[in-house]
file data.cif (mmCIF, C-alpha atoms)
data_target
loop_
_atom_site.label_atom_id
_atom_site.label_comp_id
_atom_site.auth_asym_id
_atom_site.auth_seq_id
_atom_site.Cartn_x
_atom_site.Cartn_y
_atom_site.Cartn_z
CA MET A 274 -21.86 -29.63 -40.65
CA ARG A 275 -20.68 -32.83 -38.96
CA TYR A 276 -18.00 -31.05 -36.86
CA TRP A 277 -20.43 -28.31 -35.92
CA LEU A 278 -22.95 -30.86 -34.61
CA LEU A 279 -20.29 -32.75 -32.69
CA GLY A 280 -19.08 -29.52 -31.11
CA LEU A 281 -22.59 -28.48 -30.17
CA LEU A 282 -23.36 -31.89 -28.67
CA ALA A 283 -20.12 -31.84 -26.65
CA GLY A 284 -20.96 -28.38 -25.37
CA LEU A 285 -24.45 -29.42 -24.31
CA LEU A 286 -23.14 -32.52 -22.53
CA ILE A 287 -20.51 -30.53 -20.64
CA LEU A 288 -23.00 -27.82 -19.73
CA SER A 289 -25.29 -30.50 -18.33
CA ALA A 290 -22.45 -31.98 -16.30
CA CYS A 291 -21.51 -28.55 -14.97
CA SER A 292 -25.07 -27.87 -13.94
CA GLU A 293 -25.03 -30.93 -11.69
CA GLU A 294 -22.79 -28.95 -9.37
CA GLY A 295 -25.27 -26.11 -9.69
CA THR A 296 -22.89 -23.18 -9.94
CA LEU A 297 -19.97 -23.67 -12.30
CA GLY A 298 -21.51 -21.47 -14.96
CA ALA A 299 -24.16 -20.84 -17.51
CA GLY A 300 -21.83 -19.82 -20.30
CA LEU A 301 -19.98 -22.84 -21.64
CA LEU A 302 -19.43 -21.98 -25.30
CA PRO A 303 -18.04 -24.62 -27.72
CA ASN A 304 -15.36 -23.72 -30.24
CA VAL A 305 -14.65 -20.21 -29.01
CA ASN A 306 -11.46 -19.91 -31.03
CA GLY A 307 -11.71 -23.02 -33.15
CA VAL A 308 -12.67 -26.69 -33.04
CA GLY A 309 -12.29 -28.17 -29.56
CA VAL A 310 -11.74 -24.90 -27.67
CA TYR A 311 -14.31 -24.14 -24.97
CA GLN A 312 -15.02 -21.33 -22.55
CA VAL A 313 -16.73 -21.23 -19.16
CA ASP A 314 -17.90 -17.93 -17.70
CA THR A 315 -18.37 -18.98 -14.12
CA SER A 316 -20.21 -17.23 -11.32
CA SER A 317 -18.96 -19.71 -8.72
CA VAL A 318 -16.53 -17.44 -6.90
CA GLU A 319 -16.60 -17.34 -3.10
CA SER A 320 -15.63 -13.93 -1.68
CA THR A 321 -14.65 -13.30 1.93
CA THR A 322 -13.42 -10.10 3.60
CA LEU A 323 -10.54 -10.54 6.06
CA ARG A 324 -8.39 -8.24 8.17
CA GLU A 325 -4.83 -7.50 7.13
CA ASP A 326 -3.53 -6.94 10.62
CA SER A 327 0.25 -7.08 10.52
CA LEU A 328 2.56 -5.44 8.01
CA ARG A 329 6.30 -5.00 8.09
CA THR A 330 6.89 -1.24 7.81
CA SER A 331 10.56 -0.82 8.67
CA ASN A 332 12.72 0.84 6.00
CA SER A 333 9.71 1.29 3.70
CA SER A 334 9.85 3.01 0.33
CA SER A 335 7.53 5.75 1.61
CA ASN A 336 6.69 7.18 5.02
CA LEU A 337 3.11 8.29 5.67
CA VAL A 338 1.44 10.72 8.03
CA GLY A 339 -2.20 11.75 8.30
CA CYS A 340 -5.76 10.64 9.01
CA ILE A 341 -8.43 9.18 6.74
CA TYR A 342 -11.98 8.86 8.06
CA ASP A 343 -14.59 7.42 5.73
CA PRO A 344 -18.09 6.12 6.50
CA ILE A 345 -17.38 2.54 5.36
CA PHE A 346 -13.85 1.72 6.50
CA GLY A 347 -13.68 3.89 9.61
CA LEU A 348 -10.66 5.85 10.84
CA THR A 349 -7.09 5.14 9.72
CA THR A 350 -4.16 7.14 11.07
CA SER A 351 -0.49 7.01 10.17
CA SER A 352 2.65 8.41 11.74
CA PHE A 353 6.29 7.54 11.17
CA VAL A 354 9.55 7.39 13.06
CA ALA A 355 13.02 7.97 11.67
CA GLN A 356 16.64 8.36 12.66
CA ALA A 357 18.81 11.22 11.47
CA ALA A 358 22.29 10.04 10.50
CA LEU A 359 25.81 11.33 9.93
CA VAL A 360 27.53 10.84 6.60
CA THR A 361 30.99 11.61 8.06
CA GLU A 362 32.50 11.03 11.50
CA ASN A 363 34.04 13.23 14.19
CA ILE A 364 31.92 16.28 13.42
CA ASN A 365 33.41 19.58 14.54
CA PHE A 366 31.58 22.75 13.54
CA GLY A 367 34.44 24.97 14.73
CA ASP A 368 34.64 27.76 17.29
CA THR A 369 32.52 30.86 17.98
CA LEU A 370 29.27 29.17 16.93
CA THR A 371 25.88 30.87 16.72
CA LEU A 372 22.68 28.97 15.90
CA ASP A 373 20.46 30.29 13.14
CA SER A 374 17.84 27.52 12.81
CA VAL A 375 17.29 23.81 12.32
CA VAL A 376 14.83 22.54 9.70
CA LEU A 377 13.37 19.13 8.87
CA SER A 378 12.79 18.82 5.11
CA LEU A 379 10.59 16.03 3.74
CA LYS A 380 10.30 15.22 0.02
CA TYR A 381 6.76 14.36 -1.09
CA ASP A 382 6.11 11.16 -3.02
CA TYR A 383 2.40 10.46 -2.39
CA PHE A 384 -0.91 11.95 -1.31
CA TYR A 385 -4.43 10.62 -0.90
CA GLY A 386 -7.63 12.36 0.06
CA ASP A 387 -8.44 16.04 0.47
CA THR A 388 -5.45 18.38 0.13
CA SER A 389 -7.60 21.54 0.01
CA ARG A 390 -7.92 21.81 3.81
CA ASP A 391 -5.35 22.84 6.40
CA PHE A 392 -3.08 20.02 7.53
CA SER A 393 -1.05 19.91 10.74
CA LEU A 394 2.26 18.17 11.40
CA GLU A 395 3.97 17.70 14.74
CA VAL A 396 7.49 16.41 15.39
CA TYR A 397 8.56 14.79 18.67
CA GLU A 398 11.84 13.33 19.91
CA LEU A 399 11.95 9.56 20.46
CA ASN A 400 12.85 8.00 23.79
CA THR A 401 13.07 4.57 22.15
CA LYS A 402 16.27 3.82 20.28
CA LEU A 403 15.77 2.47 16.75
CA SER A 404 17.97 -0.02 14.92
CA LYS A 405 18.40 -0.58 11.19
CA ASP A 406 18.83 -4.28 11.92
CA SER A 407 15.44 -4.56 13.65
CA VAL A 408 12.14 -5.39 11.98
CA TYR A 409 9.25 -3.07 12.86
CA PHE A 410 5.59 -3.62 12.12
CA ASN A 411 2.66 -1.24 11.78
CA THR A 412 1.78 -1.90 15.43
CA PHE A 413 5.13 -0.54 16.71
CA ASN A 414 4.60 1.58 19.83
CA PRO A 415 7.77 3.53 20.72
CA SER A 416 8.15 5.82 23.70
CA VAL A 417 7.98 9.46 22.64
CA SER A 418 8.97 12.62 24.52
CA SER A 419 6.11 14.97 25.39
CA THR A 420 8.23 17.95 24.33
CA LEU A 421 7.33 19.25 20.90
CA LEU A 422 10.35 19.60 18.58
CA GLY A 423 8.43 21.44 15.88
CA SER A 424 5.05 21.87 14.21
CA LYS A 425 3.50 23.32 11.09
CA GLN A 426 0.01 24.04 9.79
CA PHE A 427 -0.30 24.33 6.01
CA LYS A 428 -2.27 23.41 2.92
CA PRO A 429 -0.46 20.48 1.29
CA ARG A 430 0.99 21.11 -2.14
CA PRO A 431 2.48 17.69 -2.93
CA LEU A 432 3.00 18.44 -6.62
CA SER A 433 4.46 21.95 -6.31
CA ALA A 434 8.10 22.93 -5.98
CA ILE A 435 9.09 25.21 -3.09
CA THR A 436 11.92 27.70 -2.61
CA SER A 437 14.47 28.10 0.16
CA ASN A 438 16.90 30.92 0.93
CA GLU A 439 20.38 29.44 1.11
CA TRP A 440 23.85 30.91 1.57
CA LEU A 441 25.74 29.86 -1.53
CA GLY A 442 29.02 31.21 -2.87
CA GLY A 443 29.14 33.92 -0.23
CA LYS A 444 25.68 35.34 -0.93
CA ASP A 445 21.99 34.69 -0.34
CA SER A 446 20.49 32.55 -3.07
CA VAL A 447 16.95 31.32 -3.73
CA VAL A 448 17.02 27.57 -4.31
CA THR A 449 14.12 25.63 -5.85
CA ILE A 450 13.34 22.29 -4.18
CA PRO A 451 11.06 19.71 -5.86
CA ALA A 452 7.79 19.22 -3.94
CA ALA A 453 8.76 19.10 -0.27
CA GLU A 454 7.60 20.26 3.14
CA ARG A 455 9.93 22.10 5.55
CA ILE A 456 9.25 22.20 9.30
CA ARG A 457 11.32 24.42 11.55
CA LEU A 458 12.40 22.61 14.70
CA SER A 459 13.03 24.21 18.07
CA ASP A 460 16.10 26.35 18.68
CA ALA A 461 16.72 24.37 21.87
CA PHE A 462 17.11 21.22 19.78
CA GLY A 463 19.43 23.01 17.34
CA GLN A 464 21.52 24.38 20.17
CA LYS A 465 21.75 20.90 21.71
CA ILE A 466 23.36 19.60 18.51
CA LEU A 467 25.57 22.62 17.97
CA SER A 468 26.89 22.38 21.53
CA GLU A 469 28.02 18.81 20.90
CA SER A 470 30.53 19.98 18.26
CA GLY A 471 33.79 18.06 18.55
CA LYS A 472 32.40 15.88 21.35
CA PRO A 473 31.61 12.13 21.46
CA GLY A 474 27.87 12.65 20.81
CA ILE A 475 28.46 13.35 17.12
CA ALA A 476 31.68 11.41 16.64
CA ASN A 477 29.88 8.55 14.81
CA ASN A 478 26.38 7.23 14.23
CA ALA A 479 26.44 4.77 17.13
CA ASN A 480 27.13 7.64 19.52
CA PHE A 481 24.77 10.01 17.74
CA TRP A 482 21.83 7.58 18.02
CA ASP A 483 22.43 7.44 21.76
CA PHE A 484 22.61 11.24 21.85
CA PHE A 485 19.55 11.76 19.61
CA LYS A 486 17.47 8.62 19.13
CA GLY A 487 15.30 9.97 16.35
CA PHE A 488 11.93 11.62 15.87
CA MET A 489 8.24 10.86 15.30
CA VAL A 490 6.15 12.80 12.78
CA LYS A 491 2.39 12.74 13.35
CA SER A 492 -0.79 14.65 12.53
CA PRO A 493 -2.62 15.72 15.69
CA ASN A 494 -6.09 16.42 14.29
CA CYS A 495 -8.35 13.86 12.64
CA PRO A 496 -11.24 15.01 10.44
CA PRO A 497 -14.96 14.26 10.63
CA SER A 498 -16.39 11.31 8.70
CA GLY A 499 -15.97 11.51 4.95
CA GLU A 500 -12.83 13.60 5.06
CA GLY A 501 -9.11 13.35 5.57
CA CYS A 502 -5.73 13.26 3.92
CA MET A 503 -2.66 11.05 3.94
CA LEU A 504 0.73 12.46 2.91
CA GLY A 505 3.69 10.31 1.90
CA PHE A 506 7.37 11.28 1.97
CA ASN A 507 10.45 9.71 0.45
CA LEU A 508 13.07 9.80 3.21
CA ARG A 509 15.68 8.34 0.86
CA ASN A 510 15.57 11.43 -1.34
CA VAL A 511 18.47 13.90 -1.15
CA ASN A 512 15.98 16.63 -0.22
CA SER A 513 14.81 14.77 2.90
CA VAL A 514 17.28 16.00 5.53
CA VAL A 515 17.63 17.70 8.90
CA SER A 516 19.51 20.92 8.16
CA LEU A 517 21.43 22.79 10.84
CA TYR A 518 21.98 26.46 9.92
CA TYR A 519 24.59 28.32 11.97
CA LYS A 520 27.39 30.87 11.92
CA GLN A 521 31.03 30.17 12.59
CA GLY A 522 32.24 33.60 13.48
CA SER A 523 30.73 35.71 10.70
CA SER A 524 30.59 32.87 8.16
CA ARG A 525 27.20 31.31 7.48
CA LYS A 526 27.17 27.52 7.39
CA ARG A 527 24.81 24.59 6.83
CA PHE A 528 25.20 20.98 7.94
CA ASP A 529 22.81 18.21 6.81
CA PHE A 530 21.90 15.06 8.68
CA VAL A 531 20.52 12.49 6.23
CA LEU A 532 17.58 10.17 6.90
CA ALA A 533 16.95 6.82 5.14
CA PRO A 534 18.59 4.57 4.16
CA ASN A 535 21.42 5.53 6.53
CA GLY A 536 19.01 5.61 9.49
CA ALA A 537 16.13 3.33 10.49
CA THR A 538 12.52 4.26 9.64
CA ALA A 539 9.11 2.72 10.31
CA ASN A 540 5.47 3.51 9.59
CA ILE A 541 2.90 3.17 12.38
CA TYR A 542 -0.75 2.58 11.44
CA ARG A 543 -3.78 2.67 13.73
CA SER A 544 -7.38 1.81 12.83
CA GLU A 545 -10.77 2.34 14.41
CA ARG A 546 -12.68 -0.08 12.23
CA ASN A 547 -16.29 0.34 11.13
CA GLY A 548 -18.69 -2.18 12.64
CA SER A 549 -20.47 -2.88 9.35
CA ILE A 550 -17.35 -4.49 7.85
CA GLU A 551 -16.33 -6.12 11.10
CA SER A 552 -19.73 -7.85 11.31
CA ILE A 553 -19.18 -9.75 8.04
CA LEU A 554 -15.53 -10.75 8.49
CA GLY A 555 -14.99 -14.36 7.46
CA GLN A 556 -18.45 -14.73 5.91
CA VAL A 557 -18.58 -16.24 2.43
CA ASN A 558 -20.53 -14.04 -0.01
CA PRO A 559 -22.42 -12.05 2.66
CA ALA A 560 -25.86 -10.82 1.70
CA SER A 561 -24.70 -7.20 1.38
CA GLY A 562 -23.23 -8.21 -1.97
CA ASN A 563 -19.93 -6.46 -1.20
CA SER A 564 -16.33 -7.39 -0.44
CA PHE A 565 -13.80 -4.91 0.90
CA MET A 566 -10.09 -4.13 0.67
CA SER A 567 -7.94 -1.25 1.90
CA GLY A 568 -4.31 -0.38 2.43
CA LEU A 569 -2.29 0.35 5.58
CA ALA A 570 -3.10 -2.93 7.34
CA GLY A 571 -6.80 -2.62 6.58
CA TYR A 572 -8.77 -5.34 4.79
CA LYS A 573 -8.26 -7.84 1.99
CA THR A 574 -10.64 -9.98 -0.06
CA LYS A 575 -10.14 -13.74 -0.26
CA LEU A 576 -11.43 -15.66 -3.29
CA LEU A 577 -12.05 -19.38 -3.74
CA PHE A 578 -13.28 -21.31 -6.80
CA PRO A 579 -15.10 -24.31 -5.29
CA TYR A 580 -16.27 -26.01 -8.48
CA LEU A 581 -13.16 -25.83 -10.64
CA ASP A 582 -12.64 -29.58 -10.56
CA SER A 583 -15.94 -29.99 -12.46
CA LEU A 584 -14.08 -28.87 -15.57
CA SER A 585 -11.76 -31.87 -15.57
CA ARG A 586 -13.63 -34.52 -13.57
CA ASN A 587 -13.68 -37.01 -16.43
CA ASN A 588 -11.28 -35.43 -18.89
CA LYS A 589 -7.79 -33.93 -18.94
CA ILE A 590 -7.81 -30.34 -20.10
CA LEU A 591 -5.29 -27.63 -20.92
CA ILE A 592 -6.13 -24.13 -19.73
CA ASN A 593 -5.56 -21.74 -22.62
CA LYS A 594 -6.51 -18.72 -20.56
CA ALA A 595 -8.05 -18.05 -17.15
CA GLU A 596 -9.14 -14.48 -16.52
CA LEU A 597 -10.46 -13.14 -13.23
CA VAL A 598 -12.86 -10.21 -13.69
CA LEU A 599 -13.68 -7.89 -10.76
CA SER A 600 -16.17 -5.01 -10.72
CA PRO A 601 -16.08 -2.09 -8.24
CA VAL A 602 -19.28 -1.07 -6.50
CA GLU A 603 -19.56 2.60 -7.36
CA GLY A 604 -20.86 5.45 -5.23
CA LEU A 605 -20.26 4.08 -1.73
CA LEU A 606 -17.12 6.04 -0.85
CA PRO A 607 -16.75 9.83 -0.79
CA SER A 608 -15.40 11.00 -4.14
CA LEU A 609 -12.11 12.22 -2.65
CA PHE A 610 -11.23 8.63 -1.72
CA THR A 611 -10.40 7.48 -5.23
CA ARG A 612 -10.19 3.81 -6.21
CA PRO A 613 -6.75 2.15 -6.56
CA ALA A 614 -5.21 2.41 -10.00
CA SER A 615 -4.33 -1.27 -9.73
CA LEU A 616 -4.73 -4.28 -7.46
CA VAL A 617 -2.33 -7.01 -6.48
CA ILE A 618 -3.25 -10.69 -6.36
CA LEU A 619 -1.52 -13.15 -4.03
CA ALA A 620 -1.98 -16.81 -3.23
CA SER A 621 -2.62 -18.11 0.26
CA ASP A 622 -0.50 -20.96 1.57
CA SER A 623 -1.71 -23.63 4.01
CA THR A 624 -1.11 -21.30 6.97
CA GLY A 625 -2.98 -18.36 5.43
CA ALA A 626 0.21 -16.45 4.72
CA ASN A 627 0.70 -14.55 1.46
CA SER A 628 2.63 -16.18 -1.38
CA LEU A 629 3.05 -15.48 -5.09
CA VAL A 630 0.60 -16.75 -7.68
CA ALA A 631 2.09 -18.95 -10.38
CA ASP A 632 1.67 -16.12 -12.92
CA ALA A 633 3.25 -13.46 -10.68
CA THR A 634 6.25 -12.70 -12.89
CA GLU A 635 4.37 -12.73 -16.19
CA SER A 636 3.75 -9.50 -18.08
CA TYR A 637 0.18 -10.55 -18.84
CA LEU A 638 -0.88 -10.75 -15.17
CA GLY A 639 -2.72 -7.40 -15.25
CA GLY A 640 -4.62 -5.90 -12.33
CA GLN A 641 -4.99 -2.34 -13.63
CA PHE A 642 -8.36 -0.60 -13.58
CA ASN A 643 -9.86 -0.27 -17.04
CA GLU A 644 -11.90 2.92 -17.32
CA ALA A 645 -13.71 1.71 -20.46
CA ASN A 646 -15.30 -1.38 -18.93
CA ARG A 647 -15.01 -0.30 -15.27
CA GLN A 648 -13.24 -3.52 -14.29
CA TYR A 649 -10.04 -4.98 -12.91
CA ARG A 650 -8.80 -8.08 -14.74
CA PHE A 651 -6.11 -10.64 -13.86
CA VAL A 652 -4.89 -13.40 -16.15
CA ILE A 653 -4.07 -16.31 -13.83
CA THR A 654 -3.81 -19.18 -16.31
CA ARG A 655 -0.93 -21.03 -14.62
CA GLU A 656 -2.50 -20.67 -11.18
CA ILE A 657 -5.79 -22.23 -12.30
CA GLN A 658 -3.99 -24.97 -14.23
CA ARG A 659 -2.05 -25.75 -11.06
CA TYR A 660 -5.29 -26.31 -9.14
CA LEU A 661 -6.64 -28.61 -11.84
CA ARG A 662 -3.45 -30.68 -11.69
CA GLY A 663 -4.16 -31.49 -8.07
CA ASP A 664 -2.59 -28.70 -6.00
CA ARG A 665 -4.91 -27.78 -3.17
CA GLN A 666 -6.68 -24.42 -3.28
CA TYR A 667 -6.10 -22.24 -0.24
CA GLY A 668 -7.53 -19.15 -1.89
CA LEU A 669 -6.34 -15.96 -3.54
CA TYR A 670 -5.98 -12.58 -1.82
CA LEU A 671 -6.77 -9.21 -3.38
CA LEU A 672 -5.38 -5.93 -2.08
CA PRO A 673 -4.76 -2.41 -3.39
CA ASN A 674 -1.32 -2.30 -4.98
CA ILE A 675 1.56 -1.36 -2.64
CA SER A 676 -0.94 -1.55 0.23
CA SER A 677 1.81 -1.40 2.85
CA VAL A 678 2.40 2.31 2.01
CA ARG A 679 -0.80 3.32 0.21
CA ALA A 680 -4.17 4.30 1.72
CA GLU A 681 -6.51 3.47 -1.18
CA ARG A 682 -9.62 1.43 -0.47
CA LEU A 683 -12.10 -0.42 -2.68
CA VAL A 684 -15.49 -2.14 -2.56
CA ILE A 685 -16.13 -4.89 -5.13
CA GLY A 686 -19.14 -7.08 -5.78
CA ASN A 687 -19.16 -10.54 -4.22
CA GLY A 688 -20.96 -13.71 -5.31
CA THR A 689 -24.35 -12.45 -4.15
CA HIS A 690 -24.24 -9.09 -5.92
CA VAL A 691 -27.03 -8.77 -8.46
CA ALA A 692 -24.93 -7.26 -11.26
CA LEU A 693 -21.27 -7.18 -10.19
CA LYS A 694 -20.35 -10.76 -9.26
CA PRO A 695 -16.67 -11.65 -9.72
CA LYS A 696 -16.14 -13.96 -12.68
CA LEU A 697 -13.53 -16.49 -13.64
CA VAL A 698 -13.56 -16.87 -17.43
CA VAL A 699 -11.77 -20.09 -18.39
CA THR A 700 -10.88 -20.97 -21.98
CA PHE A 701 -9.62 -24.55 -22.34
CA THR A 702 -8.88 -27.44 -24.68
CA TYR A 703 -9.47 -31.14 -24.03
CA LEU A 704 -6.34 -33.30 -23.98
CA ASN A 705 -8.47 -36.45 -23.89
CA LYS A 706 -12.21 -36.80 -24.26
CA ASN A 707 -14.32 -39.52 -22.62
#

call {"tool": "encode", "arguments": {"input": "data.cif", "output": "structure tokens"}}
result
Amino acid sequence: MRYWLLGLLAGLLILSACSEEGTLGAGLLPNVNGVGVYQVDTSSVESTTLREDSLRTSNSSSNLVGCIYDPIFGLTTSSFVAQAALVTENINFGDTLTLDSVVLSLKYDYFYGDTSRDFSLEVYELNTKLSKDSVYFNTFNPSVSSTLLGSKQFKPRPLSAITSNEWLGGKDSVVTIPAAERIRLSDAFGQKILSESGKPGIANNANFWDFFKGFMVKSPNCPPSGEGCMLGFNLRNVNSVVSLYYKQGSSRKRFDFVLAPNGATANIYRSERNGSIESILGQVNPASGNSFMSGLAGYKTKLLFPYLDSLSRNNKILINKAELVLSPVEGLLPSLFTRPASLVILASDSTGANSLVADATESYLGGQFNEANRQYRFVITREIQRYLRGDRQYGLYLLPNISSVRAERLVIGNGTHVALKPKLVVTFTYLNKN
């Protein structure tokens, strides 16, 4: 009975001290897991929506093309550029050459949005020379030829294998290719390459990238509001190639130019942002009750915990666990724009640049969406302990996971939302007690 009364009195005293700041929390519970262990369920989280304007996109893991147009985030478009590359030098296709066709094959690795509608791809030749040693950002603006190299209209099937007729072992064979898209390029382009056989233009990659600088893949038609699709391709896959089909005399031949990582690649993102989000940028806990985040150089949410020092003002404490709880605001986005399966959390440094949280490499960090409780949760114990030891808070950033090559977007409640405020649940033990 004595220990119970002491614990209750300590809890009441701390709760009173927290209330002096007005916002640390209403849920300080003594002895959560035993004598001397306390928990604060705080509502004092400041949420701010910011732009994520500049992303490095050169040599990315995925290359995206398409348009997404939703009523909240506005229009986002993506195209990509890539070099074709030789895997051997001094290419000579032989004599008596006849072109059959040239085909760009792209191996799927991602899709987002509505794949039930027709989708268009266009391929153009670059006038700007790329370099694997250069760093390209989403704002890259290369010069592109106005001459169309190839185009295709189709219904995307990013999970379905396709077949191709190939000449193997002296006969026609049907070959199955894991989910890919094949775009026939112009015969003029194929003939241009074939005619360079045995010449300096295809003697090595340095010469070849002067001869053919690369190509841009884009989608020419953007959908009305509430629709759209983004397709992602893995240019490092063995099925992502430019294939030259030809005859040497009567013999049928195929020669493949590879793409990444032998050649340079870059994603290019463009946004026409919605005014409703733009009008609240930089505001702390705007009255709408919402904070926003989206991939492809869209938006991120910044969080601050302004009253954390109230926990240890007069006492040293050890953080046993600090859990950040985030709740999506349902029903605002069209259903085809699904929420991210997981989020990433980053710390801000003094310049506002992204850095790793102290818990970044820990298996407990979390960030996955939990269908049962409809929440994202991060365990950031070390990060919060760091703040309480005197390191200055510059804020934490939230983004959809792999946001540099993923189009997902999310709306979460901010500190003014009636039911979906972000929470920081802190469980702690006193190291000394005044």

call {"tool": "residues_around", "arguments": {"input": "data.cif", "residues": "region 677-686 of chain A", "least_positions_apart": "4", "cutoff": "9 Å", "atoms": "all atoms listed in the file", "output": "VMD selection string"}}
result
chain A and resid 320 328 to 330 333 to 337 341 346 349 383 to 386 411 503 505 540 562 to 572 599 to 603 605 to 606 610 to 614 672 to 673 690 to 695

call {"tool": "atom_distance", "arguments": {"input": "data.cif", "atom1": "CA of Ile553 (chain A)", "atom2": "CA of Tyr342 (chain A)"}}
result
20.0 Å

call {"tool": "residues_around", "arguments": {"input": "data.cif", "residues": "Val338 (chain A)", "least_positions_apart": "6", "cutoff": "8 Å", "atoms": "only C-alpha atoms", "output": "count of residues only"}}
result
10

call {"tool": "residues_around", "arguments": {"input": "data.cif", "residues": "Gly474 (chain A)", "least_positions_apart": "4", "cutoff": "6 Å", "atoms": "only C-alpha atoms", "output": "PyMOL selection string"}}
result
chain A and resi 480-481+484

call {"tool": "resolve_selection", "arguments": {"input": "data.cif", "expression": "the PyMOL selection byres ((chain A and resi 366-381) around 9)", "output": "PyMOL selection string"}}
result
chain A and resi 364-365+382-384+423+430-432+450-460+462-464+467-468+470-471+504-523+525-526+528

call {"tool": "residues_near_point", "arguments": {"input": "data.cif", "point": "(-6.4, -16.4, -2.1)", "cutoff": "6 Å", "atoms": "all atoms listed in the file", "output": "MDAnalysis selection string"}}
result
chainID A and resid 575:576 620:621 668:670

call {"tool": "closest_residue", "arguments": {"input": "data.cif", "among": "A:Ile675, A:Leu584, A:Leu638, A:Ile618", "to": "Gln658 (chain A)", "atoms": "all atoms listed in the file"}}
result
A:Leu584

call {"tool": "resolve_selection", "arguments": {"input": "data.cif", "expression": "the PyMOL selection byres ((chain A and resi 499) around 10)", "output": "list in words"}}
result
Ile341, Tyr342, Asp343, Pro344, Ile345, Gly347, Leu348, Gly386, Asp387, Pro496, Pro497, Ser498, Glu500, Gly501, Leu606, Pro607, Ser608, Leu609 and Phe610 of chain A

call {"tool": "resolve_selection", "arguments": {"input": "data.cif", "expression": "the PyMOL selection byres ((chain A and resi 390) around 10)", "output": "list of chain:residue names"}}
result
A:Asp387, A:Thr388, A:Ser389, A:Asp391, A:Phe392, A:Ser393, A:Phe427, A:Lys428, A:Pro429, A:Glu500, A:Gly501, A:Cys502

call {"tool": "atom_distance", "arguments": {"input": "data.cif", "atom1": "CA of Asp664 (chain A)", "atom2": "CA of Gln648 (chain A)"}}
result
28.6 Å

call {"tool": "axis_aligned_box", "arguments": {"input": "data.cif", "around": "region 560-574 of chain A", "padding_each_side": "5 Å", "output": "lines of an AutoDock Vina configuration file"}}
result
center_x = -14.1
center_y = -5.2
center_z = 2.7
size_x = 33.6
size_y = 21.2
size_z = 19.3

call {"tool": "atom_distance", "arguments": {"input": "data.cif", "atom1": "CA of Ile653 (chain A)", "atom2": "CA of Glu596 (chain A)"}}
result
6.0 Å

call {"tool": "residues_around", "arguments": {"input": "data.cif", "residues": "Met489 (chain A)", "least_positions_apart": "6", "cutoff": "7 Å", "atoms": "all atoms listed in the file", "output": "list in words"}}
result
Phe353, Val354, Ala355, Val396, Tyr397, Glu398 and Leu399 of chain A

call {"tool": "closest_residue", "arguments": {"input": "data.cif", "among": "A:Thr322, A:Asn593, A:Asn363, A:Ser419", "to": "Val652 (chain A)", "atoms": "only C-alpha atoms"}}
result
A:Asn593

call {"tool": "residues_near_point", "arguments": {"input": "data.cif", "point": "(13.9, 6.8, 26.3)", "cutoff": "9 Å", "atoms": "all atoms listed in the file", "output": "PyMOL selection string"}}
result
chain A and resi 399-402+415-418+486
